[in-house]
Structures are given as C-alpha cells and as structure tokens.
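So this block is final-v3.txt, compact mmCIF, C-alpha atoms:
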# COMPACT_ATOMS: atom_id res chain seq x y z
CA MET A 10 50.75 -21.03 119.84
CA SER A 11 51.71 -24.53 118.67
CA ALA A 12 51.81 -23.23 115.06
CA LEU A 13 54.76 -21.05 116.09
CA GLY A 14 56.81 -24.07 117.07
CA PRO A 15 58.99 -24.65 120.12
CA HIS A 16 60.21 -21.02 120.23
CA ALA A 17 56.77 -19.41 120.31
CA GLY A 18 57.58 -17.62 123.59
CA PHE A 19 60.56 -15.81 122.04
CA ILE A 20 58.55 -14.78 118.95
CA LEU A 21 55.63 -13.48 121.02
CA ALA A 22 58.01 -11.71 123.44
CA SER A 23 59.61 -9.91 120.46
CA TYR A 24 56.28 -8.65 119.17
CA ALA A 25 55.20 -7.70 122.71
CA ALA A 26 58.40 -5.63 123.03
CA VAL A 27 57.58 -3.84 119.76
CA VAL A 28 54.02 -3.10 120.89
CA LEU A 29 55.14 -1.88 124.33
CA VAL A 30 58.01 0.33 123.16
CA LEU A 31 56.21 1.81 120.13
CA GLY A 32 52.95 2.13 122.09
CA GLY A 33 54.78 4.05 124.81
CA LEU A 34 56.50 6.26 122.24
CA ILE A 35 53.25 7.03 120.38
CA ALA A 36 51.47 7.83 123.67
CA ALA A 37 54.32 10.08 124.84
CA VAL A 38 54.51 11.99 121.52
CA LEU A 39 50.73 12.50 121.33
CA ARG A 40 50.49 13.53 125.01
CA ASP A 41 53.29 16.07 124.59
CA HIS A 42 51.69 17.47 121.42
CA ALA A 43 48.33 17.85 123.17
CA ALA A 44 49.95 19.47 126.24
CA GLN A 45 51.83 22.06 124.13
CA LYS A 46 48.70 22.80 122.12
CA ARG A 47 46.73 23.39 125.36
CA ALA A 48 49.46 25.59 126.86
CA LEU A 49 49.72 27.66 123.68
CA ALA A 50 45.94 28.10 123.46
CA ALA A 51 45.80 29.21 127.12
CA LEU A 52 48.58 31.78 126.61
CA GLU A 53 47.03 33.17 123.45
CA GLN A 54 43.66 33.40 125.17
CA ARG A 55 45.26 35.50 127.93
CA GLY A 56 46.63 37.80 125.22
CA ALA A 57 50.30 36.97 125.81
CA GLY A 58 52.52 37.95 122.90
CA ARG A 59 50.25 40.64 121.48
CA ARG A 60 52.17 43.00 119.23
CA SER A 61 51.32 45.89 121.57
CA ASP A 62 53.10 44.04 124.40
CA ARG A 63 56.20 43.52 122.38
CA ALA A 64 56.23 47.11 121.10
CA ALA A 65 56.05 48.39 124.65
CA SER A 66 58.98 46.30 125.87
CA MET B 12 67.91 23.30 99.05
CA ALA B 13 65.29 25.85 97.99
CA SER B 14 62.52 23.72 99.49
CA LEU B 15 64.53 23.38 102.72
CA ILE B 16 64.81 27.15 102.97
CA GLU B 17 61.06 27.50 102.31
CA LEU B 18 60.40 25.03 105.13
CA ALA B 19 62.60 27.09 107.44
CA ASN B 20 59.54 29.14 108.27
CA PRO B 21 57.92 27.33 111.24
CA THR B 22 54.45 28.62 110.33
CA ARG B 23 54.79 27.19 106.83
CA PHE B 24 56.12 23.93 108.27
CA MET B 25 53.11 23.66 110.62
CA ARG B 26 50.73 24.19 107.70
CA LEU B 27 52.47 21.71 105.36
CA SER B 28 52.91 19.03 108.03
CA ALA B 29 49.19 19.26 108.93
CA VAL B 30 48.33 18.52 105.28
CA LEU B 31 50.94 15.75 104.95
CA LEU B 32 50.26 13.85 108.19
CA PRO B 33 46.90 12.22 107.34
CA TRP B 34 48.33 10.87 104.05
CA MET B 35 51.41 9.51 105.79
CA LEU B 36 49.33 7.87 108.53
CA GLY B 37 47.00 6.29 105.93
CA ALA B 38 49.93 4.92 103.90
CA MET B 39 51.55 3.68 107.13
CA ALA B 40 48.40 1.79 108.19
CA LEU B 41 48.13 0.19 104.76
CA ALA B 42 51.81 -0.83 104.60
CA LEU B 43 51.79 -2.26 108.14
CA ALA B 44 48.55 -4.19 107.54
CA VAL B 45 49.76 -5.70 104.24
CA GLY B 46 53.27 -6.28 105.62
CA PHE B 47 52.11 -8.08 108.79
CA TYR B 48 49.62 -10.18 106.79
CA LEU B 49 52.39 -11.32 104.42
CA ALA B 50 54.88 -11.80 107.28
CA TRP B 51 52.55 -13.93 109.40
CA PHE B 52 50.31 -15.77 106.91
CA VAL B 53 52.19 -15.94 103.58
CA ALA B 54 55.96 -16.03 104.30
CA PRO B 55 57.14 -19.58 104.99
CA ALA B 56 59.14 -20.68 108.02
CA ASP B 57 62.89 -20.61 107.40
CA TYR B 58 64.49 -23.98 106.59
CA GLN B 59 67.09 -23.47 109.34
CA GLN B 60 65.60 -20.98 111.80
CA GLY B 61 62.01 -22.20 111.62
CA GLU B 62 59.27 -19.85 112.86
CA THR B 63 61.78 -17.57 114.65
CA ILE B 64 62.27 -15.91 111.25
CA ARG B 65 59.06 -13.95 112.13
CA ILE B 66 61.26 -11.94 114.52
CA MET B 67 63.29 -10.71 111.52
CA PHE B 68 60.27 -8.76 110.24
CA VAL B 69 60.41 -6.38 113.22
CA HIS B 70 64.10 -6.67 114.17
CA VAL B 71 65.57 -5.63 110.81
CA PRO B 72 63.34 -2.55 110.17
CA ALA B 73 64.04 -1.40 113.75
CA ALA B 74 67.80 -1.67 113.11
CA TRP B 75 67.53 0.22 109.81
CA LEU B 76 65.43 2.98 111.39
CA ALA B 77 67.76 3.35 114.39
CA LEU B 78 70.56 4.06 111.89
CA MET B 79 68.35 6.21 109.62
CA PHE B 80 67.15 8.48 112.44
CA TYR B 81 70.70 8.96 113.69
CA SER B 82 71.83 9.85 110.14
CA MET B 83 68.94 12.35 109.92
CA MET B 84 70.08 13.82 113.24
CA ALA B 85 73.65 14.16 111.94
CA LEU B 86 72.34 16.03 108.86
CA SER B 87 70.28 18.25 111.17
CA GLY B 88 73.42 18.84 113.23
CA ILE B 89 75.18 20.13 110.10
CA GLY B 90 72.09 22.27 109.41
CA THR B 91 72.35 23.75 112.91
CA LEU B 92 76.09 24.42 112.88
CA VAL B 93 76.61 25.47 109.24
CA TRP B 94 73.37 27.06 108.04
CA ARG B 95 71.73 27.91 111.39
CA HIS B 96 68.55 26.46 109.88
CA PRO B 97 65.77 27.41 112.34
CA LEU B 98 64.14 23.98 112.13
CA ALA B 99 67.35 21.90 112.16
CA ASP B 100 67.67 21.62 115.94
CA VAL B 101 63.89 21.18 116.24
CA ALA B 102 64.17 18.19 113.86
CA GLN B 103 67.20 16.90 115.75
CA LYS B 104 65.54 17.08 119.16
CA ALA B 105 62.33 15.44 117.91
CA ALA B 106 64.21 12.56 116.24
CA ALA B 107 66.29 11.44 119.24
CA PRO B 108 63.59 9.59 121.29
CA ILE B 109 62.24 7.95 118.11
CA GLY B 110 65.67 6.67 117.10
CA ALA B 111 66.32 5.53 120.68
CA CYS B 112 63.09 3.50 120.70
CA PHE B 113 64.00 1.77 117.43
CA ALA B 114 67.49 1.00 118.78
CA LEU B 115 65.90 -0.45 121.94
CA ILE B 116 63.48 -2.58 119.87
CA CYS B 117 66.41 -3.81 117.76
CA LEU B 118 68.34 -4.87 120.88
CA LEU B 119 65.33 -6.51 122.60
CA THR B 120 64.13 -8.44 119.55
CA GLY B 121 67.73 -9.38 118.76
CA ALA B 122 68.09 -10.86 122.26
CA PHE B 123 64.82 -12.81 121.89
CA TRP B 124 66.02 -14.10 118.50
CA GLY B 125 69.54 -14.82 119.74
CA LYS B 126 68.56 -17.06 122.63
CA PRO B 127 66.92 -19.85 120.55
CA MET B 128 69.36 -19.49 117.61
CA TRP B 129 72.74 -18.79 119.30
CA GLY B 130 71.97 -20.16 122.76
CA THR B 131 72.45 -16.74 124.40
CA TYR B 132 70.53 -13.49 124.79
CA TRP B 133 73.66 -11.37 124.58
CA VAL B 134 77.28 -11.56 123.52
CA TRP B 135 79.81 -8.71 123.53
CA ASP B 136 80.56 -8.92 119.83
CA ALA B 137 81.09 -6.01 117.46
CA ARG B 138 77.56 -5.71 115.99
CA LEU B 139 75.66 -6.05 119.26
CA THR B 140 78.05 -3.83 121.23
CA SER B 141 78.10 -1.06 118.60
CA MET B 142 74.27 -1.12 118.53
CA LEU B 143 74.22 -0.80 122.34
CA VAL B 144 76.64 2.13 122.02
CA LEU B 145 74.19 3.76 119.57
CA LEU B 146 71.38 3.45 122.14
CA LEU B 147 73.66 4.99 124.82
CA ILE B 148 74.55 7.88 122.47
CA TYR B 149 70.83 8.47 121.84
CA LEU B 150 70.21 8.55 125.61
CA GLY B 151 73.17 10.94 126.08
CA ILE B 152 71.74 13.28 123.44
CA ILE B 153 68.28 13.22 125.08
CA ALA B 154 69.89 13.94 128.47
CA LEU B 155 71.91 16.85 127.02
CA TRP B 156 68.75 18.40 125.55
CA ARG B 157 67.18 18.29 129.02
CA THR B 158 70.27 19.72 130.74
CA LEU B 159 70.43 23.03 128.85
CA ASP B 160 67.41 25.38 129.09
CA ASP B 161 68.23 27.66 126.16
CA PRO B 162 67.20 25.76 122.97
CA SER B 163 69.75 27.45 120.69
CA ARG B 164 72.69 26.74 123.07
CA ALA B 165 71.46 23.18 123.58
CA GLY B 166 71.04 22.76 119.80
CA ARG B 167 74.67 23.66 119.09
CA ALA B 168 76.03 21.43 121.89
CA VAL B 169 73.88 18.50 120.79
CA ALA B 170 74.83 19.02 117.13
CA ILE B 171 78.53 18.65 118.01
CA LEU B 172 77.87 15.52 120.12
CA THR B 173 75.71 14.03 117.35
CA LEU B 174 78.36 14.59 114.69
CA ILE B 175 81.05 13.02 116.91
CA GLY B 176 78.76 10.04 117.57
CA PHE B 177 78.15 9.58 113.84
CA VAL B 178 81.46 7.69 113.65
CA ASN B 179 79.53 4.76 115.20
CA ILE B 180 77.16 4.43 112.20
CA PRO B 181 79.66 2.94 109.69
CA ILE B 182 81.08 0.83 112.54
CA ILE B 183 77.62 -0.72 113.07
CA LYS B 184 77.07 -1.22 109.34
CA PHE B 185 80.46 -2.82 108.61
CA SER B 186 81.09 -4.52 111.99
CA VAL B 187 79.95 -7.86 110.56
CA ASP B 188 82.55 -7.54 107.77
CA TRP B 189 85.44 -6.13 109.79
CA TRP B 190 85.29 -8.51 112.75
CA ASN B 191 84.28 -12.09 113.45
CA THR B 192 80.83 -11.88 115.01
CA LEU B 193 77.97 -14.21 115.86
CA HIS B 194 75.69 -11.85 113.90
CA GLN B 195 75.10 -12.80 110.27
CA PRO B 196 76.43 -10.49 107.51
CA ALA B 197 74.15 -8.19 105.49
CA SER B 198 71.59 -10.10 103.45
CA VAL B 199 69.49 -7.30 101.88
CA PHE B 200 71.70 -4.25 101.15
CA ARG B 201 74.79 -5.96 99.79
CA MET B 202 76.86 -6.17 96.60
CA GLY B 203 75.31 -8.82 94.39
CA GLY B 204 71.74 -8.23 95.62
CA PRO B 205 69.66 -9.68 98.46
CA THR B 206 70.16 -13.29 99.52
CA ILE B 207 66.67 -13.57 101.06
CA HIS B 208 63.94 -15.39 99.13
CA PRO B 209 61.30 -12.98 97.70
CA SER B 210 58.59 -14.61 99.87
CA MET B 211 60.40 -13.19 102.91
CA LEU B 212 62.01 -10.16 101.28
CA TRP B 213 58.74 -8.50 100.19
CA PRO B 214 57.06 -8.61 103.63
CA LEU B 215 60.30 -7.30 105.12
CA LEU B 216 60.50 -4.37 102.69
CA ILE B 217 56.78 -3.52 103.04
CA LEU B 218 57.04 -3.60 106.85
CA ALA B 219 60.21 -1.48 106.66
CA LEU B 220 58.20 1.07 104.62
CA GLY B 221 55.36 0.95 107.18
CA PHE B 222 57.68 1.44 110.16
CA THR B 223 59.52 4.22 108.30
CA LEU B 224 56.21 6.04 107.71
CA LEU B 225 55.32 5.52 111.39
CA GLY B 226 58.68 6.92 112.50
CA LEU B 227 58.47 9.90 110.13
CA SER B 228 54.86 10.65 111.16
CA LEU B 229 55.88 10.62 114.83
CA HIS B 230 58.83 12.84 113.90
CA LEU B 231 56.53 15.41 112.27
CA ILE B 232 54.16 15.37 115.28
CA ALA B 233 57.09 15.71 117.71
CA MET B 234 58.51 18.60 115.63
CA ARG B 235 55.12 20.34 115.72
CA ALA B 236 55.07 19.88 119.53
CA GLU B 237 58.62 21.27 119.81
CA ILE B 238 57.74 24.35 117.73
CA MET B 239 54.73 24.96 119.98
CA ARG B 240 56.92 24.44 123.11
CA ARG B 241 59.29 27.18 121.91
CA ARG B 242 56.37 29.49 121.15
CA VAL B 243 54.99 28.78 124.65
CA ARG B 244 58.43 29.59 126.12
CA THR B 245 58.63 32.91 124.22
CA LEU B 246 55.05 33.90 125.10
CA THR B 247 55.59 33.01 128.78
CA ILE B 248 58.67 35.28 128.88
CA LEU B 249 56.72 38.09 127.16
CA GLU B 250 53.84 37.67 129.59
CA ALA B 251 56.19 37.73 132.58
CA GLU B 252 57.78 40.95 131.25
CA ARG B 253 54.30 42.49 130.81
CA LEU B 254 53.32 41.56 134.36
CA ASP B 255 56.61 43.03 135.65
CA ARG B 256 55.88 46.30 133.82
CA LEU B 257 52.36 46.44 135.19
CA ALA B 258 53.62 45.76 138.70
CA ALA B 259 56.25 48.51 138.34
CA GLN B 260 53.62 51.02 137.09
CA GLY B 261 51.24 50.14 139.92
CA ALA B 262 53.90 50.20 142.63
CA PRO B 263 54.02 53.24 144.93
CA ALA B 264 56.86 55.72 144.17
Whole structure given in structure tokens:
Amino acid sequence: MSALGPHAGFILASYAAVVLVLGGLIAAVLRDHAAQKRALAALEQRGAGRRSDRAAS
Amino acid sequence: MASLIELANPTRFMRLSAVLLPWMLGAMALALAVGFYLAWFVAPADYQQGETIRIMFVHVPAAWLALMFYSMMALSGIGTLVWRHPLADVAQKAAAPIGACFALICLLTGAFWGKPMWGTYWVWDARLTSMLVLLLIYLGIIALWRTLDDPSRAGRAVAILTLIGFVNIPIIKFSVDWWNTLHQPASVFRMGGPTIHPSMLWPLLILALGFTLLGLSLHLIAMRAEIMRRRVRTLTILEAERLDRLAAQGAPA
C-alpha cells in the first residue's frame, strides 16, 4: 500500500473498477451462452425443427 | 471479402470460432500476465505523476477498445445495410455491451486518475464529454436492440443509429487537438512517434493486446450465444406451429 504512494486509494479503486466491470461482463456473456445452449438442447431433444415439421407447415 | 462471405454461414462460423477461441484465450492470458507483471513490477513511477501512472495501463487500453468496438459496429452496420450479411447484425449486437463496458472503465479510471492529478473527478471538457456521449450511444443501441423483437428489423434500425453515432469517434480522437482540454494530447498514436518511454510503452502495448484479445474472445462467445438465441427463436415458433396443427387435428369438427 505504502509502495503505491499517497494516491494508492485511487490506483486500487481504478483496478477494482476494471475487475468489477470486466468480471460482470464475462459472467453475463458466459451465463447467456450457457442459457442459450441449454434452451437449444432442450428444443432439439423435443424434436422441434425437424424437417418433417417444416415440410408439413 | 471472400473469407467474409464464407463466414456468412452461421454453422461454419460456429465451427471456426470453437477452434479459434482456446488459442485466443491462451494468448490473452499470456499477454495479460506479462503485461501486468511489466506494468506493476518493471515500469518505473512517472517523474511527474508518480505511481498514478499505473492507472494508465488500464485506462488507455479501455479507451482504445471503446473506440475500436464502436468502429467494428459501424462496419457491421454497413454490412447489414449494404450487403445484408447474415452475421453483420449478430456481430453488431454482440459488440455493443463489450464496447459499453470498456467506455465505462475508461470513464471510471479516468475519474480516479483525474482527482489526484487535476484536482477533480470530472470536468465538462471536450474529451471527457465526448467519451461520455459514446457510452450513452452504446446504451441507446443496447436499449434499441431490446425494444424491437424482430432481429432483422432491429438490426437495420440499430445499423442506422450506429452509423449516425460514428460521427462521435473522430470527435473523441481529435478533441484534444481541436479544443483546449484538461486531458493530455495523444502520446502513442501521433505523428513523430510515441512520446512515452519504452519502459512504460511496452507494458501498455502488451496489455492493450491482452485486453483486445479478451474483448474479441468475449465478442466471439457473445456472437455464438446470439446465433443460438435466433435458432431457439425459430425452433420455438416452429414448435408452436406444430402444436397448433396438432390441436386443430385433434379438435372436434
């Protein structure tokens, strides 16, 4: 802390902001990716979008 | 152009991005590790700004990436409006939150750097205000995506808004030359070469590479999620139509 001089609080706050914002972004992107993957797998398991369905419509 | 057209196939994009992502994430981890080591343990304190120069190593890459992602979105906007590239609006939608986060980091770290150096967190000068406007444009674009349900309609509307907002990018870049501002002028990308000492320039460039790889990796993952979201939307509609047909067949005459 003392090695960072009298403005250590501002330096640490900057890096904390980076960790918080990027951490939130990474979590949101990964969560969305996992959710879409789950939803797609569930739909495909139910047989939605089979060619026979589309041909009939 | 030929490779862009080849990538227009979402299935091919999903396959290529799955191969590319581990390499990008590995290179990102290496660049960030080396960059932060050099920035924290090798680069000296600045003779005027002291240890607060450590803020530069995250502030400047965030500013560059906020501009880079918006420029990528403007190119995607042209791809949507001119070539109707099937992945252009997917790329545009996936880039907006990433660019917004880098713009937010730039503003926050700039405020934390400004207070000890300028005596204030914020001043309404040209560079700071135009950067805030960029963040607001990003938020407007994200809001517009959420307002319109149909992805192709939303894509065209957002493309027009993005291209109009692109006028702000040169304003941000040249604001320090066109107006008197508290913000210092460019010290890396300038005529006559960088004015930063190599002991600070190298960590900055390596960290910029690391953050760029992080941003691009997140962009690829977000694009993959968006492609799956559209597939889920199509399959849900098909399934609903199938259930409607079955209900109609089973209903009494």
For chain A, the nearest of the candidates B:Ala137, B:Leu172, B:Ala122, B:Ala38, counting only C-alpha atoms:
B:Ala122
Got a sec: who's within 10 Å of region 44-48 of chain A, counting all atoms listed in the file, leaving out chain neighbours fewer than 6 positions off, as a PDB file with C-alpha atoms, in the frame of the given file?
ATOM      1  CA  VAL A  38      54.510  11.990 121.520  1.00  0.00           C
ATOM      2  CA  GLN A  54      43.660  33.400 125.170  1.00  0.00           C
TER       3      GLN A  54
ATOM      4  CA  ARG B 235      55.120  20.340 115.720  1.00  0.00           C
ATOM      5  CA  ALA B 236      55.070  19.880 119.530  1.00  0.00           C
ATOM      6  CA  GLU B 237      58.620  21.270 119.810  1.00  0.00           C
ATOM      7  CA  ILE B 238      57.740  24.350 117.730  1.00  0.00           C
ATOM      8  CA  MET B 239      54.730  24.960 119.980  1.00  0.00           C
ATOM      9  CA  ARG B 240      56.920  24.440 123.110  1.00  0.00           C
ATOM     10  CA  ARG B 241      59.290  27.180 121.910  1.00  0.00           C
ATOM     11  CA  ARG B 242      56.370  29.490 121.150  1.00  0.00           C
ATOM     12  CA  VAL B 243      54.990  28.780 124.650  1.00  0.00           C
ATOM     13  CA  ARG B 244      58.430  29.590 126.120  1.00  0.00           C
ATOM     14  CA  THR B 247      55.590  33.010 128.780  1.00  0.00           C
TER      15      THR B 247
END
Neighbours of chain B in chain A at 6 Å, counting all atoms listed in the file, as a JSON list (two decimals) with C-alpha atoms, in the frame of the given file:
[["chain", "number", "residue", "atom", "x", "y", "z"],
["A", 13, "LEU", "CA", 54.76, -21.05, 116.09],
["A", 19, "PHE", "CA", 60.56, -15.81, 122.04],
["A", 20, "ILE", "CA", 58.55, -14.78, 118.95],
["A", 23, "SER", "CA", 59.61, -9.91, 120.46],
["A", 38, "VAL", "CA", 54.51, 11.99, 121.52],
["A", 42, "HIS", "CA", 51.69, 17.47, 121.42],
["A", 45, "GLN", "CA", 51.83, 22.06, 124.13],
["A", 49, "LEU", "CA", 49.72, 27.66, 123.68],
["A", 57, "ALA", "CA", 50.30, 36.97, 125.81],
["A", 58, "GLY", "CA", 52.52, 37.95, 122.90]]
The distance between CA of Lys184 (chain B) and CA of Leu155 (chain B) is 25.8 Å
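Note that the spacing between CA of Val27 (chain A) and CA of Leu43 (chain B) amounts to 13.1 Å.
Closest approach to Gln60 (chain B) among A:Ala25, A:Leu31, A:Gly14, A:Ala50: A:Gly14, based on all atoms listed in the file.
Nearest residue to Ala197 (chain B) among B:Leu220, B:Trp75, B:Leu231, B:Arg164 is B:Trp75, counting all atoms listed in the file.
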Counting all atoms listed in the file, the residue among B:Pro21, B:Leu49, B:Trp156, B:Met84 that lies closest to Trp213 (chain B) is B:Leu49
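The coordinates place CA of Thr173 (chain B) at 11.3 Å from CA of Leu150 (chain B).
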Let me make sure I understand: among B:Gly110, B:Pro33, B:Gly46, B:Pro181, which one has the smallest atom-to-atom distance to Leu34 (chain A) if we use all atoms listed in the file?
B:Gly110
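The list of residues with at least one atom within 9 Å of Gln103 (chain B), based on only C-alpha atoms and without residues fewer than 5 positions apart in the same chain, reads Tyr81, Met83, Met84, Ala85, Leu86, Ser87, Gly88, Leu98, Gly166, Val169, Ala170 and Met234 of chain B.
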With C-alpha atoms kept, could you save the residues just selected as a PDB file, in the coordinates of the input?
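Written output follows (result.pdb):
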ATOM      1  CA  TYR B  81      70.700   8.960 113.690  1.00  0.00           C
ATOM      2  CA  MET B  83      68.940  12.350 109.920  1.00  0.00           C
ATOM      3  CA  MET B  84      70.080  13.820 113.240  1.00  0.00           C
ATOM      4  CA  ALA B  85      73.650  14.160 111.940  1.00  0.00           C
ATOM      5  CA  LEU B  86      72.340  16.030 108.860  1.00  0.00           C
ATOM      6  CA  SER B  87      70.280  18.250 111.170  1.00  0.00           C
ATOM      7  CA  GLY B  88      73.420  18.840 113.230  1.00  0.00           C
ATOM      8  CA  LEU B  98      64.140  23.980 112.130  1.00  0.00           C
ATOM      9  CA  GLY B 166      71.040  22.760 119.800  1.00  0.00           C
ATOM     10  CA  VAL B 169      73.880  18.500 120.790  1.00  0.00           C
ATOM     11  CA  ALA B 170      74.830  19.020 117.130  1.00  0.00           C
ATOM     12  CA  MET B 234      58.510  18.600 115.630  1.00  0.00           C
TER      13      MET B 234
END
